[in-house]
Every structure is written in structure tokens, then in C-alpha cells.
file upload_39.txt (compact mmCIF, C-alpha atoms)
# COMPACT_ATOMS: atom_id res chain seq x y z
CA MET A 244 -2.58 -27.32 -18.01
CA GLY A 245 -5.31 -29.94 -17.53
CA ASN A 246 -9.09 -29.94 -17.60
CA SER A 247 -11.82 -30.12 -14.98
CA GLU A 248 -15.38 -31.21 -15.57
CA MET A 249 -18.57 -29.56 -14.36
CA HIS A 250 -22.05 -31.01 -14.72
CA LEU A 251 -24.56 -28.26 -15.36
CA ASP A 252 -28.18 -28.52 -16.57
CA GLY A 253 -27.58 -32.09 -17.67
CA LYS A 254 -24.49 -31.19 -19.67
CA SER A 255 -20.81 -31.87 -19.07
CA ILE A 256 -18.67 -28.72 -19.31
CA GLN A 257 -14.87 -28.78 -19.53
CA PHE A 258 -12.76 -26.05 -17.92
CA PRO A 259 -9.00 -25.70 -18.31
CA THR A 260 -7.05 -26.03 -15.05
CA ILE A 261 -4.08 -23.72 -14.53
CA THR A 262 -1.22 -24.31 -12.07
CA GLY A 263 1.04 -21.43 -11.12
CA SER A 264 4.79 -21.67 -10.58
CA GLU A 265 4.22 -22.04 -6.81
CA ASN A 266 1.59 -24.76 -7.35
CA LYS A 267 -1.43 -22.49 -6.86
CA LYS A 268 -4.30 -23.96 -8.89
CA ALA A 269 -7.20 -22.29 -10.68
CA PHE A 270 -10.10 -23.03 -12.97
CA ASP A 271 -10.12 -20.94 -16.14
CA ILE A 272 -13.76 -19.81 -16.39
CA SER A 273 -13.18 -17.07 -18.96
CA LYS A 274 -15.61 -18.83 -21.37
CA LEU A 275 -18.15 -19.84 -18.73
CA ARG A 276 -20.82 -17.31 -19.72
CA ALA A 277 -20.33 -17.84 -23.43
CA ASP A 278 -20.60 -21.64 -23.09
CA THR A 279 -23.29 -21.91 -20.42
CA GLY A 280 -25.03 -18.55 -19.89
CA TYR A 281 -23.95 -18.63 -16.24
CA VAL A 282 -21.62 -16.26 -14.39
CA THR A 283 -20.01 -16.71 -10.99
CA LEU A 284 -20.91 -14.61 -7.94
CA ASP A 285 -17.90 -13.84 -5.74
CA TYR A 286 -18.32 -10.88 -3.38
CA GLY A 287 -15.08 -8.95 -3.05
CA LEU A 288 -13.38 -11.33 -5.53
CA LYS A 289 -12.08 -13.37 -2.58
CA ASN A 290 -11.99 -16.56 -4.66
CA THR A 291 -11.24 -15.08 -8.07
CA ALA A 292 -7.84 -14.61 -9.67
CA VAL A 293 -8.20 -11.50 -11.83
CA THR A 294 -4.93 -11.95 -13.69
CA LYS A 295 -1.76 -13.96 -14.13
CA SER A 296 1.22 -12.12 -12.68
CA SER A 297 4.94 -12.73 -12.23
CA ILE A 298 5.54 -9.88 -9.77
CA THR A 299 4.72 -11.02 -6.23
CA PHE A 300 4.08 -14.38 -4.56
CA LEU A 301 2.22 -14.45 -1.28
CA ASN A 302 1.34 -17.49 0.83
CA GLY A 303 -0.67 -16.38 3.84
CA GLU A 304 -0.86 -19.82 5.45
CA GLU A 305 2.92 -20.19 5.59
CA GLY A 306 3.78 -16.51 6.05
CA ILE A 307 5.71 -16.18 2.77
CA LEU A 308 6.18 -12.99 0.74
CA ARG A 309 8.50 -12.80 -2.26
CA TYR A 310 9.11 -10.11 -4.87
CA ARG A 311 10.05 -11.65 -8.25
CA GLY A 312 11.08 -14.79 -6.31
CA TYR A 313 13.29 -13.01 -3.78
CA PRO A 314 12.27 -13.47 -0.09
CA ILE A 315 11.17 -10.24 1.56
CA GLU A 316 13.54 -10.96 4.46
CA GLN A 317 16.58 -10.82 2.15
CA LEU A 318 15.44 -7.72 0.29
CA ALA A 319 14.66 -5.77 3.47
CA GLU A 320 18.04 -6.64 4.95
CA LYS A 321 20.29 -6.21 1.91
CA ALA A 322 18.66 -3.94 -0.68
CA SER A 323 17.84 -0.26 -1.06
CA PHE A 324 14.31 0.87 -1.83
CA LEU A 325 15.19 2.00 -5.36
CA GLU A 326 16.91 -1.35 -5.96
CA VAL A 327 13.67 -3.12 -5.01
CA ALA A 328 11.66 -0.66 -7.11
CA TYR A 329 13.78 -1.55 -10.14
CA LEU A 330 13.32 -5.27 -9.40
CA LEU A 331 9.53 -4.99 -9.21
CA ILE A 332 9.17 -2.80 -12.29
CA TYR A 333 11.70 -4.45 -14.60
CA GLY A 334 11.76 -8.03 -13.33
CA GLU A 335 15.39 -8.48 -12.26
CA LEU A 336 17.78 -7.04 -9.70
CA PRO A 337 19.78 -4.28 -11.40
CA SER A 338 23.49 -4.42 -12.12
CA GLN A 339 25.51 -1.61 -10.56
CA LYS A 340 25.40 0.30 -13.84
CA GLU A 341 21.63 -0.18 -14.19
CA LEU A 342 21.04 0.88 -10.60
CA ASP A 343 23.26 3.96 -11.00
CA THR A 344 21.36 4.98 -14.13
CA PHE A 345 17.98 4.37 -12.48
CA THR A 346 18.98 6.22 -9.29
CA SER A 347 20.38 9.12 -11.31
CA GLY A 348 17.16 9.29 -13.32
CA VAL A 349 15.06 9.48 -10.15
CA THR A 350 17.40 12.04 -8.55
CA ASN A 351 17.31 14.32 -11.59
CA HIS A 352 13.50 14.47 -11.57
CA THR A 353 12.81 15.27 -7.91
CA LEU A 354 11.95 18.92 -8.60
CA ILE A 355 8.33 19.63 -9.45
CA HIS A 356 7.18 22.48 -11.67
CA GLU A 357 7.14 25.79 -9.79
CA ASN A 358 3.56 26.39 -10.94
CA MET A 359 2.50 23.40 -8.84
CA LYS A 360 3.37 25.42 -5.74
CA LYS A 361 0.28 27.50 -6.51
CA PHE A 362 -1.82 24.36 -6.15
CA PHE A 363 -0.41 23.78 -2.66
CA GLU A 364 -1.19 27.37 -1.77
CA GLY A 365 -4.80 26.76 -2.77
CA TYR A 366 -5.33 23.90 -0.36
CA PRO A 367 -6.49 24.76 3.15
CA GLN A 368 -3.94 23.96 5.84
CA HIS A 369 -6.16 21.22 7.27
CA ALA A 370 -6.46 19.39 3.91
CA HIS A 371 -5.68 15.71 4.35
CA PRO A 372 -2.26 14.89 2.82
CA MET A 373 -3.69 11.84 1.01
CA GLY A 374 -6.20 13.99 -0.84
CA VAL A 375 -3.41 16.39 -1.78
CA LEU A 376 -1.13 13.53 -2.88
CA ALA A 377 -3.79 11.92 -5.09
CA SER A 378 -4.88 15.13 -6.81
CA MET A 379 -1.34 16.41 -7.30
CA THR A 380 -0.20 13.08 -8.73
CA CYS A 381 -3.01 13.21 -11.26
CA ALA A 382 -2.15 16.85 -11.98
CA LEU A 383 1.34 15.80 -13.09
CA SER A 384 -0.20 14.57 -16.33
CA SER A 385 -1.11 18.15 -17.26
CA PHE A 386 2.57 19.14 -17.01
CA TYR A 387 3.68 16.13 -19.07
CA PRO A 388 0.93 15.67 -21.69
CA GLU A 389 3.06 13.19 -23.62
CA SER A 390 2.50 10.76 -20.73
CA LEU A 391 -1.22 10.52 -21.56
CA ASN A 392 -0.48 7.81 -24.14
CA PRO A 393 -0.05 4.53 -22.23
CA ASN A 394 1.09 2.81 -25.43
CA ALA A 395 4.01 5.14 -26.04
CA ASP A 396 7.47 3.79 -26.79
CA GLU A 397 9.47 2.11 -24.04
CA GLU A 398 11.76 5.10 -23.49
CA SER A 399 8.80 7.44 -22.93
CA ILE A 400 7.20 5.03 -20.46
CA ASP A 401 10.49 4.71 -18.56
CA GLN A 402 10.74 8.51 -18.38
CA THR A 403 7.24 8.72 -16.91
CA ILE A 404 8.13 6.04 -14.35
CA LEU A 405 11.23 7.96 -13.24
CA ARG A 406 9.29 11.20 -12.93
CA LEU A 407 6.53 9.52 -10.96
CA ILE A 408 8.84 7.89 -8.40
CA ALA A 409 10.86 11.09 -7.99
CA LYS A 410 8.11 13.68 -7.89
CA THR A 411 5.66 11.72 -5.74
CA ALA A 412 8.14 11.87 -2.86
CA THR A 413 8.46 15.65 -3.23
CA ILE A 414 4.67 16.05 -3.43
CA ALA A 415 4.23 13.90 -0.32
CA ALA A 416 6.76 15.91 1.67
CA TRP A 417 5.30 19.21 0.53
CA SER A 418 1.78 18.07 1.43
CA TYR A 419 3.08 17.55 4.97
CA LYS A 420 4.73 20.97 5.01
CA ASN A 421 1.45 22.48 3.85
CA SER A 422 -0.43 20.78 6.69
CA VAL A 423 1.83 22.29 9.35
CA GLY A 424 2.18 25.70 7.71
CA HIS A 425 5.92 25.44 7.11
CA PRO A 426 7.83 26.56 4.01
CA VAL A 427 8.64 23.75 1.60
CA MET A 428 12.14 22.35 1.44
CA TYR A 429 13.52 21.65 -2.02
CA PRO A 430 15.02 18.19 -2.64
CA GLN A 431 18.75 17.67 -2.20
CA ASN A 432 20.29 15.60 -4.98
CA ARG A 433 23.27 14.68 -2.79
CA LEU A 434 20.99 12.56 -0.58
CA ASP A 435 19.68 9.05 -1.15
CA TYR A 436 15.93 8.52 -1.58
CA SER A 437 14.99 7.90 2.08
CA SER A 438 17.30 10.60 3.45
CA ASN A 439 15.95 13.10 0.94
CA LEU A 440 12.36 12.30 1.90
CA LEU A 441 13.11 12.86 5.59
CA TYR A 442 14.98 16.06 4.75
CA MET A 443 12.09 17.50 2.75
CA MET A 444 9.65 16.62 5.54
CA PHE A 445 11.54 17.73 8.61
CA ALA A 446 14.28 20.20 7.65
CA LYS A 447 13.70 23.92 8.21
CA PRO A 448 15.33 26.90 6.50
CA THR A 449 16.29 28.28 9.91
CA GLU A 450 18.61 25.50 11.05
CA PRO A 451 20.73 22.57 9.83
CA TYR A 452 19.11 19.14 9.66
CA GLU A 453 20.95 16.12 10.96
CA ILE A 454 20.16 12.78 9.35
CA ASN A 455 19.88 9.80 11.69
CA ASP A 456 21.25 6.71 9.94
CA LYS A 457 19.07 4.29 11.94
CA VAL A 458 15.94 6.22 11.07
CA VAL A 459 16.96 6.25 7.40
CA SER A 460 17.59 2.47 7.52
CA ALA A 461 14.21 1.87 9.18
CA LEU A 462 12.41 4.03 6.59
CA ASN A 463 14.16 2.15 3.79
CA LYS A 464 12.86 -1.13 5.27
CA LEU A 465 9.35 0.27 5.69
CA LEU A 466 9.20 1.33 2.06
CA ILE A 467 10.48 -2.07 0.87
CA LEU A 468 8.02 -3.99 3.05
CA HIS A 469 5.12 -2.04 1.60
CA ALA A 470 6.36 -2.07 -2.02
CA ASP A 471 3.92 -4.73 -3.24
CA HIS A 472 1.41 -7.20 -1.86
CA GLU A 473 -0.19 -9.06 -4.75
CA GLN A 474 -3.70 -8.07 -5.91
CA ASN A 475 -4.79 -5.90 -3.00
CA CYS A 476 -7.53 -3.28 -3.30
CA SER A 477 -5.32 -0.37 -4.44
CA THR A 478 -3.24 -2.49 -6.83
CA PHE A 479 -6.38 -3.93 -8.40
CA THR A 480 -7.79 -0.40 -8.65
CA THR A 481 -4.64 0.72 -10.48
CA ARG A 482 -5.08 -2.18 -12.91
CA VAL A 483 -8.79 -1.48 -13.40
CA VAL A 484 -8.22 2.19 -14.24
CA GLY A 485 -5.20 1.36 -16.39
CA SER A 486 -7.21 -1.23 -18.33
CA SER A 487 -9.26 1.66 -19.76
CA GLN A 488 -5.99 2.95 -21.31
CA ALA A 489 -5.80 5.73 -18.73
CA SER A 490 -2.34 7.23 -18.23
CA LEU A 491 0.04 5.98 -15.58
CA TYR A 492 -0.47 9.19 -13.56
CA ALA A 493 -4.26 8.74 -13.56
CA SER A 494 -4.00 5.05 -12.70
CA ILE A 495 -1.64 5.67 -9.78
CA SER A 496 -3.82 8.51 -8.52
CA ALA A 497 -6.74 6.07 -8.42
CA GLY A 498 -4.59 3.57 -6.51
CA ILE A 499 -3.76 6.27 -3.95
CA MET A 500 -7.46 7.00 -3.44
CA ALA A 501 -8.21 3.31 -2.91
CA LEU A 502 -5.38 3.09 -0.37
CA TRP A 503 -6.87 6.05 1.51
CA GLY A 504 -9.77 3.89 2.69
CA PRO A 505 -9.50 2.96 6.39
CA LEU A 506 -10.00 -0.73 5.60
CA HIS A 507 -6.88 -0.71 3.41
CA GLY A 508 -4.14 1.82 4.06
CA GLY A 509 -5.48 3.28 7.28
CA ALA A 510 -4.77 0.31 9.54
CA ASN A 511 -1.55 1.70 11.03
CA GLN A 512 -3.36 4.96 11.77
CA ALA A 513 -6.07 2.98 13.56
CA VAL A 514 -3.37 1.40 15.75
CA VAL A 515 -2.17 4.75 17.09
CA GLU A 516 -5.75 5.97 17.55
CA MET A 517 -6.50 2.81 19.57
CA LEU A 518 -3.44 3.39 21.76
CA GLN A 519 -4.50 7.00 22.30
CA GLN A 520 -7.98 5.84 23.32
CA ILE A 521 -6.49 3.44 25.87
CA TYR A 522 -4.24 6.17 27.26
CA ASP A 523 -7.07 8.71 27.50
CA ASP A 524 -9.14 6.15 29.41
CA GLY A 525 -6.64 5.61 32.22
CA GLY A 526 -3.05 6.25 31.24
CA ALA A 527 -0.31 3.65 30.77
CA SER A 528 -0.83 1.86 34.07
CA LYS A 529 -0.84 -1.94 34.07
CA ALA A 530 -4.34 -1.95 35.56
CA ASN A 531 -5.71 0.12 32.69
CA ILE A 532 -3.95 -2.00 30.05
CA ASP A 533 -5.21 -5.22 31.66
CA LYS A 534 -8.73 -3.75 31.61
CA TRP A 535 -8.47 -3.09 27.89
CA ILE A 536 -7.02 -6.52 27.16
CA ALA A 537 -10.09 -7.98 28.87
CA ARG A 538 -12.29 -5.79 26.66
CA PHE A 539 -10.55 -7.03 23.53
CA LYS A 540 -11.28 -10.61 24.61
CA ASP A 541 -14.95 -9.84 25.27
CA LYS A 542 -16.98 -10.10 22.06
CA GLU A 543 -19.80 -8.12 23.65
CA SER A 544 -17.59 -5.08 24.29
CA GLY A 545 -17.40 -4.05 20.64
CA GLN A 546 -13.71 -3.17 21.06
CA ARG A 547 -11.42 -4.29 18.24
CA LEU A 548 -7.73 -4.96 18.74
CA MET A 549 -6.18 -3.00 15.87
CA GLY A 550 -2.91 -4.08 14.26
CA PHE A 551 -3.23 -7.75 15.15
CA GLY A 552 -4.03 -10.56 12.73
CA HIS A 553 -4.26 -10.18 8.95
CA ARG A 554 -6.82 -10.86 6.25
CA VAL A 555 -4.30 -12.86 4.21
CA TYR A 556 -1.65 -14.07 6.66
CA LYS A 557 -2.92 -16.90 8.86
CA ASN A 558 0.50 -17.15 10.39
CA PHE A 559 2.91 -14.46 11.59
CA ASP A 560 3.17 -11.63 9.07
CA PRO A 561 6.75 -11.96 7.75
CA ARG A 562 6.97 -8.18 7.39
CA ALA A 563 6.12 -7.70 11.07
CA THR A 564 9.16 -9.69 12.18
CA ILE A 565 11.44 -7.44 10.15
CA ILE A 566 9.90 -4.13 11.15
CA LYS A 567 9.68 -5.07 14.84
CA LYS A 568 13.48 -5.31 14.96
CA ALA A 569 13.85 -1.95 13.17
CA ALA A 570 11.31 -0.34 15.50
CA ASP A 571 13.16 -1.59 18.58
CA GLU A 572 16.45 -0.19 17.23
CA VAL A 573 14.99 3.23 16.46
CA LEU A 574 13.16 3.50 19.78
CA ASP A 575 16.33 2.58 21.67
CA ASP A 576 18.48 4.97 19.63
CA LEU A 577 16.12 7.93 19.96
CA ASN A 578 15.45 7.19 23.65
CA ILE A 579 11.84 8.26 23.27
CA ASP A 580 9.63 8.68 26.34
CA ASP A 581 6.16 8.06 24.92
CA PRO A 582 3.37 6.48 27.01
CA LEU A 583 1.64 5.25 23.87
CA LEU A 584 4.71 3.23 22.99
CA ASP A 585 4.74 1.80 26.52
CA ILE A 586 1.13 0.70 26.07
CA ALA A 587 1.99 -0.79 22.68
CA LYS A 588 4.75 -2.93 24.17
CA GLU A 589 2.41 -4.26 26.87
CA LEU A 590 -0.23 -5.16 24.28
CA GLU A 591 2.42 -6.87 22.16
CA TYR A 592 3.59 -8.91 25.15
CA ALA A 593 0.02 -9.97 25.93
CA ALA A 594 -0.68 -10.98 22.34
CA LEU A 595 2.49 -13.09 22.11
CA ASN A 596 1.92 -14.83 25.46
CA ASP A 597 -1.83 -15.00 26.09
CA PRO A 598 -3.45 -18.28 24.89
CA TYR A 599 -6.54 -16.33 23.75
CA PHE A 600 -4.58 -14.34 21.16
CA ILE A 601 -2.27 -17.23 20.27
CA ASP A 602 -5.18 -19.62 19.58
CA LYS A 603 -6.84 -17.04 17.33
CA LYS A 604 -3.52 -16.31 15.58
CA LEU A 605 -3.80 -12.62 16.49
CA TYR A 606 -0.14 -11.86 16.03
CA PRO A 607 1.03 -8.24 15.68
CA ASN A 608 1.13 -7.37 11.97
CA VAL A 609 3.14 -4.92 9.90
CA ASP A 610 0.59 -2.15 10.50
CA TYR A 611 1.09 -2.43 14.26
CA TYR A 612 4.82 -1.88 14.15
CA SER A 613 4.83 0.59 11.25
CA GLY A 614 2.42 2.87 13.11
CA LEU A 615 4.69 2.84 16.16
CA LEU A 616 7.76 3.44 14.02
CA TYR A 617 6.22 6.35 12.13
CA ARG A 618 5.20 7.89 15.44
CA ALA A 619 8.72 7.49 16.80
CA MET A 620 10.09 9.22 13.69
CA GLY A 621 7.84 12.20 14.33
CA ILE A 622 5.55 11.48 11.38
CA PRO A 623 1.96 12.56 12.21
CA VAL A 624 -0.97 10.19 11.93
CA ASP A 625 -2.40 11.87 8.82
CA MET A 626 0.84 11.12 6.98
CA PHE A 627 0.91 7.38 7.77
CA THR A 628 -1.05 6.40 4.67
CA VAL A 629 1.01 8.77 2.53
CA MET A 630 4.15 6.90 3.60
CA PHE A 631 2.37 3.65 2.74
CA ALA A 632 1.59 5.05 -0.73
CA LEU A 633 5.24 5.98 -1.35
CA GLY A 634 6.26 2.43 -0.53
CA ARG A 635 3.50 0.83 -2.63
CA LEU A 636 4.26 3.03 -5.66
CA PRO A 637 6.71 0.58 -7.35
CA GLY A 638 4.21 -2.24 -6.99
CA TRP A 639 1.45 -0.18 -8.58
CA ILE A 640 3.77 0.79 -11.43
CA ALA A 641 4.91 -2.81 -11.94
CA ASN A 642 1.32 -4.07 -12.10
CA TRP A 643 0.27 -1.28 -14.50
CA LYS A 644 3.29 -2.03 -16.70
CA GLU A 645 2.67 -5.79 -16.67
CA MET A 646 -0.99 -5.29 -17.57
CA MET A 647 -0.15 -2.97 -20.47
CA GLU A 648 2.54 -5.30 -21.82
CA ASP A 649 0.16 -8.28 -21.62
CA LYS A 650 -2.45 -6.20 -23.50
CA GLN A 651 -5.15 -7.22 -21.05
CA PRO A 652 -8.69 -6.16 -21.97
CA ILE A 653 -10.65 -3.51 -20.12
CA THR A 654 -11.93 -4.77 -16.77
CA ARG A 655 -15.68 -5.23 -16.96
CA PRO A 656 -17.16 -7.58 -14.32
CA ARG A 657 -20.71 -8.92 -14.45
CA GLN A 658 -23.46 -8.64 -11.87
CA ILE A 659 -26.57 -10.50 -10.79
CA TYR A 660 -29.48 -8.10 -11.20
CA ILE A 661 -31.97 -8.37 -8.29
CA GLY A 662 -34.08 -5.25 -8.95
CA GLU A 663 -37.64 -4.79 -10.21
CA ASN A 664 -38.88 -6.58 -13.32
CA LYS A 665 -40.17 -4.55 -16.26
CA ARG A 666 -42.85 -2.03 -15.30
CA ASP A 667 -44.54 0.88 -17.04
CA PHE A 668 -43.83 4.51 -16.32
CA ILE A 669 -46.44 6.25 -14.15
CA PRO A 670 -47.12 9.97 -14.77
CA ILE A 671 -46.29 12.14 -11.77
CA THR A 672 -49.95 13.13 -11.32
CA GLU A 673 -50.88 9.48 -10.73
CA ARG A 674 -48.10 8.52 -8.28

call {"tool": "encode", "arguments": {"input": "upload_39.txt", "output": "C-alpha cells"}}
result
Amino acid sequence: MGNSEMHLDGKSIQFPTITGSENKKAFDISKLRADTGYVTLDYGLKNTAVTKSSITFLNGEEGILRYRGYPIEQLAEKASFLEVAYLLIYGELPSQKELDTFTSGVTNHTLIHENMKKFFEGYPQHAHPMGVLASMTCALSSFYPESLNPNADEESIDQTILRLIAKTATIAAWSYKNSVGHPVMYPQNRLDYSSNLLYMMFAKPTEPYEINDKVVSALNKLLILHADHEQNCSTFTTRVVGSSQASLYASISAGIMALWGPLHGGANQAVVEMLQQIYDDGGASKANIDKWIARFKDKESGQRLMGFGHRVYKNFDPRATIIKKAADEVLDDLNIDDPLLDIAKELEYAALNDPYFIDKKLYPNVDYYSGLLYRAMGIPVDMFTVMFALGRLPGWIANWKEMMEDKQPITRPRQIYIGENKRDFIPITER
């Protein structure tokens, strides 16, 4: 740690300089207001580190993503989702015994209280699954009131974590069943996490359900790729709510609501909606696709190419490379005849070969391929963000846990007031 100097109002002010383990540098301005009376203005916190964290490292310029130091490429290829969840939450890859205990704990908590079925019955069939997921997750706290204390002993916190990971999957699947008017399917403890999720979503009481290993593998990768992504909007929201000493259930519910926003978790949904718009305009013909590519290049058209480029990654999104391969395998295995997927492949080819897109670094991102993959799996558009939430759950939990263990203070940012100066109240008869 060094010091940096700022000259302000004729005075020299010293600020500590912090360097992270990957050489990311920062000025520590935590005493700026106390020492100078000034605050910083940073819309959207784009230039402000809100915490120190040892969970995820992201380098957008070089296309690097690591969980606890492990490259995302290695984790997606070699690990299970629950293995990665353990890594994010507890800091190290589990031993076989630790993983067995963790997996068993999740498996034994997949059932939700039967009274919660009444809540599902109360939602209209057209209720958005994200709204159901968020409210039902928060409702879990009423069934486990001991979880309301975020400063409980370690064993109690671990129990809440297991329940949350297990029951959120069941709630998500049942929210889908509710949206299509089908009876719910109870979890099967003989199945692994991803297989069980697919079973609860797509199995029917009237017939046996066959599990496709390639679809299970692709879902496992999708969940891992979405498991954490540094201080994004929903993760920061989880930390903000948790900083008030709210329970883990309440904090995660808030994270789910933040993810629901179309600028955050809805990007893969926007991809499929864009493809549908192209198809409705003129089908999957090359002439129609070429017309739309020209529109995407024309700034005056107002048409945005969804699923290409990234706010953080200025290079190829490392997650996109992984999920593209999985998407290709699933599409080939299922032999799907879908004109939207044909359009998607043509757009991908154009983006990877057209100088316009290459110069602007508009590479296909993880949202582009995940939307196509979810569609191929038979997952409806309204459920895309729910699947995202299930993947991001370990990251939210890890950040909440890290914040609580570091005893970070309640989040309370400042503002620059630009309203009216002091003025006297005017009686209503004189206004």
C-alpha cells in the first residue's frame, strides 16, 4: 500500500493506494468527505470499487474470468455445478468427502413445505416466473424463522445456504409448471442437481421422462458460467440489502428482483425476441437476414443487435466460447428444425466475418448462445432469467457471506443535491 497526493483548495491531501492481487489499483477515498468536505460523483458506480473481494476476478480487456483463482474454462469443463457452488461459497474446491456432504445436504432439502403449494395456487397462470421466484424465495424465511438472524452460528448459516440452493430449484421448476397449468413434479433425490431440475420442469405424471445426458451437461455448464460475475447489479443489490442485516432469504430475493431487469438478466430473452422479429419480417431467407444485418449497421435505423458485445468484456466473452460448443452439441444431438436457430447461425457468421462487427468488437456473448441453448432445450422465454438466477445463486450467497464475515457497514452512498434552496411554505389558498 502506497500513497497518492491530491491538491485541493490549496491543500495537499494524501490518499492510500491499494493494489489487488491481480495488480488492479485503487485510491482509498473512504476518508475523503471527513478530511475535505468533498464527495465523488460517479453515476452507476462505473469507476468505484464498493468492496474488497476474494471471490471472482474479471478482466474484460483480456477476456479473463476466474472463480477463486480457477479459470472459468477449467471449471466449466471439469466441475459440477454444486462443486463450483461450494468453491464460491467456501473458498476452496471440496474434497470428495466435503462434496458428498454438501451434495447430500442439498439433496435432502429439495422438498418445500406443502403449505407453499397454496401460494402457487394463488398466482394467476400468466404470472411471470421471476416474480413468483422472488416472492417465494423471500417467503421461505417465514417457514424458517431462525434464518432471520444473519449473525447466527456457522452451522445455522450453512443450513440456510443448503436449504436455499435446494429449494430455489424446486420453486423455479414449480413456477414454470404453474405458468403452463401442469401439475408439479416432486424432486427425485436419485438425480443430480441439473437432471433433477430438468425432471421437475419437463416430466409429467402421465409418462416416463428420459434424461438426455448432453442436455444435462450443457445445463451444468450454463449454471457454472452464470455462477458469479464480480460486482454486477444483482450481486451489489444482494450486498446492499444484506448490509442492513437482512436475512439471506431477503437479500437473495432482492438480487433476483434486480436480475429481472431487462438491462441485466433479460439479455438472452432479448436475443430470442430479436430473432423472432427478424423471422416475422421475412422468414429465414438469406435476403431477409442480409436486410437486417444492414439495419444493424445503420445507426439511423434504431435497430440494436442483441447478444453481441458486452459492457465489461472488450474482447471475446470467455463464457461465450464455452457455451457455443455446448450449444452446437445439443443442437446436433436433438436434430432441431428451428428457423430462429438458422437465423441465429447466419447472424453469428456475419458478426465473426464482417469487418464492421469485428472492428467494433461486437462478438457474440454468453447471452446470445444461452438464449439459443435454452430455446433448444424447450425452456420458454419467460424462464430464461429464472435459469440465470439459479446459476447466479452461489455467487450471491458467496458475496453475502463474505460481506457478513468482513462485518462491512451498512451501504449508504451520498448524493449531490440539485433541488430548490430553502423556501417558505405557501398556504393552499395563495398558490

call {"tool": "residues_around", "arguments": {"input": "upload_39.txt", "residues": "stretch 324-331 of chain A", "least_positions_apart": "5", "cutoff": "6 Å", "atoms": "only C-alpha atoms", "output": "number ranges by chain"}}
result
A: 336, 463, 467, 637, 641

call {"tool": "residues_around", "arguments": {"input": "upload_39.txt", "residues": "A:Phe539", "least_positions_apart": "3", "cutoff": "6 Å", "atoms": "only C-alpha atoms", "output": "MDAnalysis selection string"}}
result
chainID A and resid 536 546 548

call {"tool": "closest_residue", "arguments": {"input": "upload_39.txt", "among": "A:Tyr452, A:Phe559, A:Tyr333, A:Tyr313", "to": "A:Thr299", "atoms": "all atoms listed in the file"}}
result
A:Tyr313

call {"tool": "residues_around", "arguments": {"input": "upload_39.txt", "residues": "A:Pro652", "least_positions_apart": "3", "cutoff": "12 Å", "atoms": "all atoms listed in the file", "output": "PyMOL selection string"}}
result
chain A and resi 293-294+482-488+646-649+655-656

call {"tool": "residues_around", "arguments": {"input": "upload_39.txt", "residues": "stretch 502-516 of chain A", "least_positions_apart": "6", "cutoff": "9 Å", "atoms": "all atoms listed in the file", "output": "PyMOL selection string"}}
result
chain A and resi 373-374+475-478+548-550+583+587+609-615+618+624-629+631-632

call {"tool": "residues_around", "arguments": {"input": "upload_39.txt", "residues": "A:Trp535", "least_positions_apart": "4", "cutoff": "12 Å", "atoms": "all atoms listed in the file", "output": "PyMOL selection string"}}
result
chain A and resi 517-518+520-531+539-541+544-548+586-587+589-590+593

call {"tool": "closest_atom_pairs", "arguments": {"input": "upload_39.txt", "of": "stretch 447-537 of chain A", "to": "stretch 412-422 of chain A", "cutoff": "12 Å", "atoms": "only C-alpha atoms", "output": "JSON lines"}}
result
{"residue": "A:Lys447", "atom": "CA", "partner": "A:Lys420", "partner_atom": "CA", "distance": 10.0}
{"residue": "A:Leu466", "atom": "CA", "partner": "A:Ala412", "partner_atom": "CA", "distance": 11.7}
{"residue": "A:Ile499", "atom": "CA", "partner": "A:Ala415", "partner_atom": "CA", "distance": 11.6}

call {"tool": "closest_residue", "arguments": {"input": "upload_39.txt", "among": "A:Ile454, A:Ala537, A:Leu301, A:Ile495", "to": "A:Ser378", "atoms": "all atoms listed in the file"}}
result
A:Ile495

call {"tool": "atom_distance", "arguments": {"input": "upload_39.txt", "atom1": "atom CA of A:His369", "atom2": "atom CA of A:Gly424"}}
result
9.5 Å

call {"tool": "closest_residue", "arguments": {"input": "upload_39.txt", "among": "A:Ile653, A:Met443, A:Val423, A:Leu275", "to": "A:Gln368", "atoms": "all atoms listed in the file"}}
result
A:Val423

call {"tool": "atom_distance", "arguments": {"input": "upload_39.txt", "atom1": "atom CA of A:Val427", "atom2": "atom CA of A:Thr449"}}
result
12.2 Å

call {"tool": "atom_distance", "arguments": {"input": "upload_39.txt", "atom1": "atom CA of A:Cys381", "atom2": "atom CA of A:His469"}}
result
21.5 Å

call {"tool": "residues_near_point", "arguments": {"input": "upload_39.txt", "point": "(7.4, -6.2, 17.2)", "cutoff": "8 Å", "atoms": "all atoms listed in the file", "output": "PyMOL selection string"}}
result
chain A and resi 563-564+566-568+570-571+591+607+611-612

call {"tool": "closest_residue", "arguments": {"input": "upload_39.txt", "among": "A:Pro430, A:Pro582, A:Gly621, A:Pro670", "to": "A:Ala409", "atoms": "all atoms listed in the file"}}
result
A:Pro430
